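What follows is a single structure, written as structure tokens, with notes after it.
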2 protein chains.
Amino acid sequence: MARPEPIRFRRSTLGEDVYETLKGLVLEHTLSPGDRINIDALAREFAVSPTPIREALARLESDGLVRKRPLVGYTVSPLLTRAEFTDMFEMRLLLECAATRWAAERTDAARRSAITTEAATTVVPEEDDPDGWHGAFTVLDARFHDLIAEASGNDLLRDGINRLHAHLHLHRRYFPYAQAGATVEEHRRIAAAIQAADPDGAEAAMREHLTRARERHLPAFD
Amino acid sequence: MARPEPIRFRRSTLGEDVYETLKGLVLEHTLSPGDRINIDALAREFAVSPTPIREALARLESDGLVRKRPLVGYTVSPLLTRAEFTDMFEMRLLLECAATRWAAERTDAARRSAITTEAATTVVPEEDDPDGWHGAFTVLDARFHDLIAEASGNDLLRDGINRLHAHLHLHRRYFPYAQAGATVEEHRRIAAAIQAADPDGAEAAMREHLTRARERHLPAFD
DNA sequence: TGATTCGTGATCCTATAGGATGTTTCATGG
DNA sequence: CCATGAAACATCCTATAGGATCACGAATCA
């Protein structure tokens with residue numbers, strides 16, 4: 001009868017686990033944008049001391065997922081304004097178009113195949129589980145874009161792209177089902193151009209994909 | 001006889017101050033790349049508890065300035081390899097060329113003047129204080145590039161650029177004096193094109209500046 | 001000589017108490 | 001009835017001590 005329940009499955013350090021878990025909670029909207037974060041409450045919830053919580057929050061603030069007001073507390077970052085959202089897509093166009101071009105130019109055959117395979121994967125819409133569908137679709141989308149970022153061969157570029165995607169995820173809940181098919185089709189075109197080692201075509205396909213993605217998202221701000 | 005010395009001039013929170021101070025120590029090479037960081041020793045040094053130290057280190061790790069090995073401790077990030085360095089300049093070309101173009105297109109008259117003024121400022125080389133000169137020159141360079149990043153009107157872009165500059169600062173110690181004049185001249189050309197609202201010219205000037213800057217730095221890797 | 005085992009040391013994590021600050025509520029005056 | 005002010009409250013931030021875990025080095029054995 002030593003310790004009945006704390007199943008502590010620590011991958012490396014407690015702070016790391018807390019960081020990943022908290023990031024998940026924010027991205028899943030279990031912690032909604034604007035919510036206040038009580039450190040002591042979280043510590044009790046996770047059955048850890050406030051120290052690793054505080055450490056995880058400091059990193060999340062660097063990611064822009066939470067905000068800290070001194071002597072007041074942490075809050076989940078609010079959703080992007082329309083202006084910030086267009087700024088983000090301006091950045092995505094800059095970063096991801098370049099990454100796609102370099103992926104088409106430089107990467108090896110194995111990665112090209114992986115990208116093509118990923119683009120061929122689809123997720124079936126389930127009307128009765130909208131949240132699950134949104135989650136699955138987002139994971140798929142994120143993995144596709146990360147594969148390209150990795151294939152660019154520039155790790156700093158990859159980090160920058162993933163940093164933007166974290167913000168994008170906060171908005172996935174407002175992405176319409178109906179247009180998922182178009183997204184998959186655009187992914188296929190990008191993958192095909194990369195597979196064919198066609199930098200111009202790949203960059204153009206990514207530019208069109210992102211431009212259309214922006215159009216698909218923008219109505220949510222009205 | 002309450003508290004004799006801790007002159008605590010806290011801007012907001014202790015963790016914030018510790019973060020800025022530590023960042024300075026790393027950038028100044030007071031903590032050299034590869035050095036191990038002892039949390040308890042730092043806490044004694046700053047006369048604070050380990051908690052804010054730990055919080056600051058978590059943020060610095062997000063910035064890429066320190067690395068954490070679980071259950072071993074923190075170390076100052078090593079200098080960039082040649083490959084990472086070229087990757088960084090690839091990123092700078094991407095981000096800063098776009099920022100310069102948009103600054104020339106969009107920004108207001110006040111910011112244009114500020115950029116021109118900053119480009120006209122120079123720092124005199126002092127042979128007997130190489131470290132002070134390097135520091136002053138770096139501050140000047142960083143401010144010029146940040147003014148342009150801010151004038152781009154895209155805060156995410158600005159953050160991305162500043163994140164890269166932190167890494168660049170770690171290498172400033174190996175930047176040769178003799179070529180500072182060329183840098184200033186290139187800055188002036190960029191500023192002039194922005195002042196003239198000439199996007200193409202401004203972007204081209206920035207591209208040439210960064211390309212040459214890369215050439216100036218590369219010999220340090222031999 | 002190489003691999004394995006053991007001991008030491010450092011680090012990380014936990015827990016709790018106290019001080020400082022922002023927020024909220026309530027009472028009072030206009 | 002509304003606005004202003006002060007006081008009580010809750011929360012966060014900081015500080016300190018102690019226990020558990022793991023990495024590293026030395027000694028031993030095959």
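Every chain in the structure tokens has a letter given in the order shown (A, B, ...), and although residue numbers restart at 1 in each chain, ligands are simply numbered from 1 in the order shown.
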
Exercise: range 52-64 of chain B partners within 10 Å, only C-alpha atoms (C1' of nucleotides), chain neighbours under 2 positions left out, as a PyMOL selection string = (chain A and resi 15+51-52+54-63) or (chain B and resi 13-23+26+37-40+42-43+46+48-50+66-68+74-77+163-164+166-167) or (chain D and resi 13-14)

May I have the residues from that selection written out with C-alpha atoms (C1' of nucleotides), as a short mmCIF file (atom, residue, chain, number, x, y, z; two decimals), in the first residue's frame?
data_model
loop_
_atom_site.label_atom_id
_atom_site.label_comp_id
_atom_site.auth_asym_id
_atom_site.auth_seq_id
_atom_site.Cartn_x
_atom_site.Cartn_y
_atom_site.Cartn_z
CA GLY A 15 8.18 20.16 -16.22
CA THR A 51 7.32 24.81 -9.55
CA PRO A 52 7.03 22.70 -12.74
CA ARG A 54 5.40 27.77 -13.35
CA GLU A 55 8.23 26.51 -15.55
CA ALA A 56 5.80 25.19 -18.17
CA LEU A 57 3.87 28.46 -18.16
CA ALA A 58 7.05 30.44 -18.75
CA ARG A 59 7.73 28.38 -21.86
CA LEU A 60 4.13 28.65 -23.04
CA GLU A 61 4.37 32.40 -22.73
CA SER A 62 7.43 32.34 -24.99
CA ASP A 63 5.30 30.45 -27.48
CA THR B 13 8.88 40.92 -11.35
CA LEU B 14 12.08 39.33 -10.22
CA GLY B 15 11.84 36.65 -12.86
CA GLU B 16 11.74 39.33 -15.53
CA ASP B 17 14.83 41.04 -14.21
CA VAL B 18 16.69 37.76 -13.91
CA TYR B 19 15.73 36.90 -17.48
CA GLU B 20 17.09 40.16 -18.85
CA THR B 21 20.24 39.96 -16.76
CA LEU B 22 20.95 36.36 -17.71
CA LYS B 23 20.30 37.12 -21.36
CA VAL B 26 25.04 35.09 -22.26
CA ILE B 37 24.81 26.79 -15.47
CA ASN B 38 24.38 26.03 -11.79
CA ILE B 39 20.98 27.18 -10.62
CA ASP B 40 21.87 27.33 -6.95
CA LEU B 42 23.17 31.79 -9.74
CA ALA B 43 20.55 32.14 -7.04
CA PHE B 46 21.72 37.33 -7.63
CA VAL B 48 17.22 35.52 -5.13
CA SER B 49 15.65 32.10 -4.77
CA PRO B 50 16.06 29.37 -7.40
CA VAL B 66 20.52 27.81 -23.32
CA ARG B 67 19.95 24.08 -23.51
CA LYS B 68 18.49 21.83 -20.87
CA TYR B 74 21.41 23.80 -18.09
CA THR B 75 24.29 24.77 -20.36
CA VAL B 76 24.86 27.82 -22.54
CA SER B 77 24.10 26.96 -26.16
CA ARG B 163 14.70 35.90 -32.41
CA LEU B 164 17.32 35.38 -35.11
CA ALA B 166 19.75 36.92 -30.53
CA HIS B 167 21.66 34.06 -32.11
"C1'" DC D 13 5.26 35.80 -5.97
"C1'" DT D 14 9.18 34.71 -3.23
#

task = Can you check which residues of range 26-72 of chain B DSSP gives as helix (DSSP H, G or I) on the backbone and send them as a PyMOL selection string?
result = chain B and resi 26-27+39-46+50-63

task = Select from range 45-203 of chain A everything DSSP, run on the backbone, classes as strand (DSSP E or B), then give the selection as a ChimeraX atom specification.
result = /A:66-69,73-76

Go ahead and dump the residues you just picked, N, CA, C and O atoms, as a tab-separated table (two decimals), in the first residue's frame.
chain	number	residue	atom	x	y	z
A	66	VAL	N	0.10	31.65	-23.82
A	66	VAL	CA	-0.48	32.27	-22.63
A	66	VAL	C	0.19	33.63	-22.42
A	66	VAL	O	1.25	33.91	-22.97
A	67	ARG	N	-0.48	34.47	-21.66
A	67	ARG	CA	0.06	35.79	-21.35
A	67	ARG	C	0.23	35.92	-19.85
A	67	ARG	O	-0.55	35.37	-19.08
A	68	LYS	N	1.23	36.67	-19.44
A	68	LYS	CA	1.46	36.86	-18.01
A	68	LYS	C	1.33	38.33	-17.66
A	68	LYS	O	1.95	39.19	-18.28
A	69	ARG	N	0.47	38.60	-16.69
A	69	ARG	CA	0.43	39.96	-16.15
A	69	ARG	C	1.02	39.90	-14.75
A	69	ARG	O	0.47	39.21	-13.88
A	73	GLY	N	-1.46	37.28	-12.73
A	73	GLY	CA	-1.55	35.87	-13.05
A	73	GLY	C	-1.47	35.62	-14.54
A	73	GLY	O	-1.33	36.53	-15.34
A	74	TYR	N	-1.55	34.35	-14.91
A	74	TYR	CA	-1.51	33.95	-16.31
A	74	TYR	C	-2.93	33.84	-16.84
A	74	TYR	O	-3.87	33.49	-16.11
A	75	THR	N	-3.09	34.14	-18.12
A	75	THR	CA	-4.35	33.91	-18.82
A	75	THR	C	-4.04	33.28	-20.16
A	75	THR	O	-2.96	33.47	-20.72
A	76	VAL	N	-4.98	32.50	-20.68
A	76	VAL	CA	-4.82	31.94	-22.01
A	76	VAL	C	-4.91	33.07	-23.02
A	76	VAL	O	-5.78	33.94	-22.90

request  = Have a look at B:Arg92, B:His165, B:Arg172, B:His187 and name the one nearest to Thr121 in chain B; count only C-alpha atoms.
outcome  =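 Counting only C-alpha atoms, the residue closest to Thr121 in chain B is B:His187.
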
request  = Figure out the distance between CA of Asn162 in chain B and CA of Gln179 in chain B, please, to one decimal in Å.
outcome  =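 Computed distance, CA of Gln179 in chain B to CA of Asn162 in chain B, equals 22.9 Å.
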
task = Provide as a PyMOL selection string the residues of chain C at most 10 Å from chain A, counting only C-alpha atoms (C1' of nucleotides).
result = chain C and resi 12-15+20-23

Closest of D:DC2, D:DA27, D:DG19, D:DC12 to chain B - atom-to-atom distances counting only C-alpha atoms (C1' of nucleotides) =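 Closest candidate: D:DC12.
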
Can you pull out every residue within 10 Å of DG25 in chain D, counting only C-alpha atoms (C1' of nucleotides), but drop anything in the same chain fewer than 2 positions away, and send it as a tab-separated table (two decimals) with C-alpha atoms (C1' of nucleotides), in the first residue's frame?
chain	number	residue	atom	x	y	z
C	7	DG	C1'	29.67	5.14	-4.07
C	8	DT	C1'	29.66	10.06	-4.21
D	23	DA	C1'	24.91	11.00	-13.90
D	27	DA	C1'	37.53	0.59	-7.82

inquiry  = Could you check the closest approach to chain B for each of D:DA15, D:DC24, D:DA10, D:DC1 and tell me which residue wins, using only C-alpha atoms (C1' of nucleotides)?
reply    =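 Closest residue, counting only C-alpha atoms (C1' of nucleotides): D:DA15.
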
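The shortest atom-to-atom distance to chain B, with only C-alpha atoms taken into account, belongs to A:Leu95 out of A:Ala220, A:Leu95, A:Ser113, A:Ala204.
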
query = Which is closer to chain D than all the others in A:Ala41, A:Gly24, A:Pro176, A:Arg143, using only C-alpha atoms (C1' of nucleotides)?
reply = A:Ala41
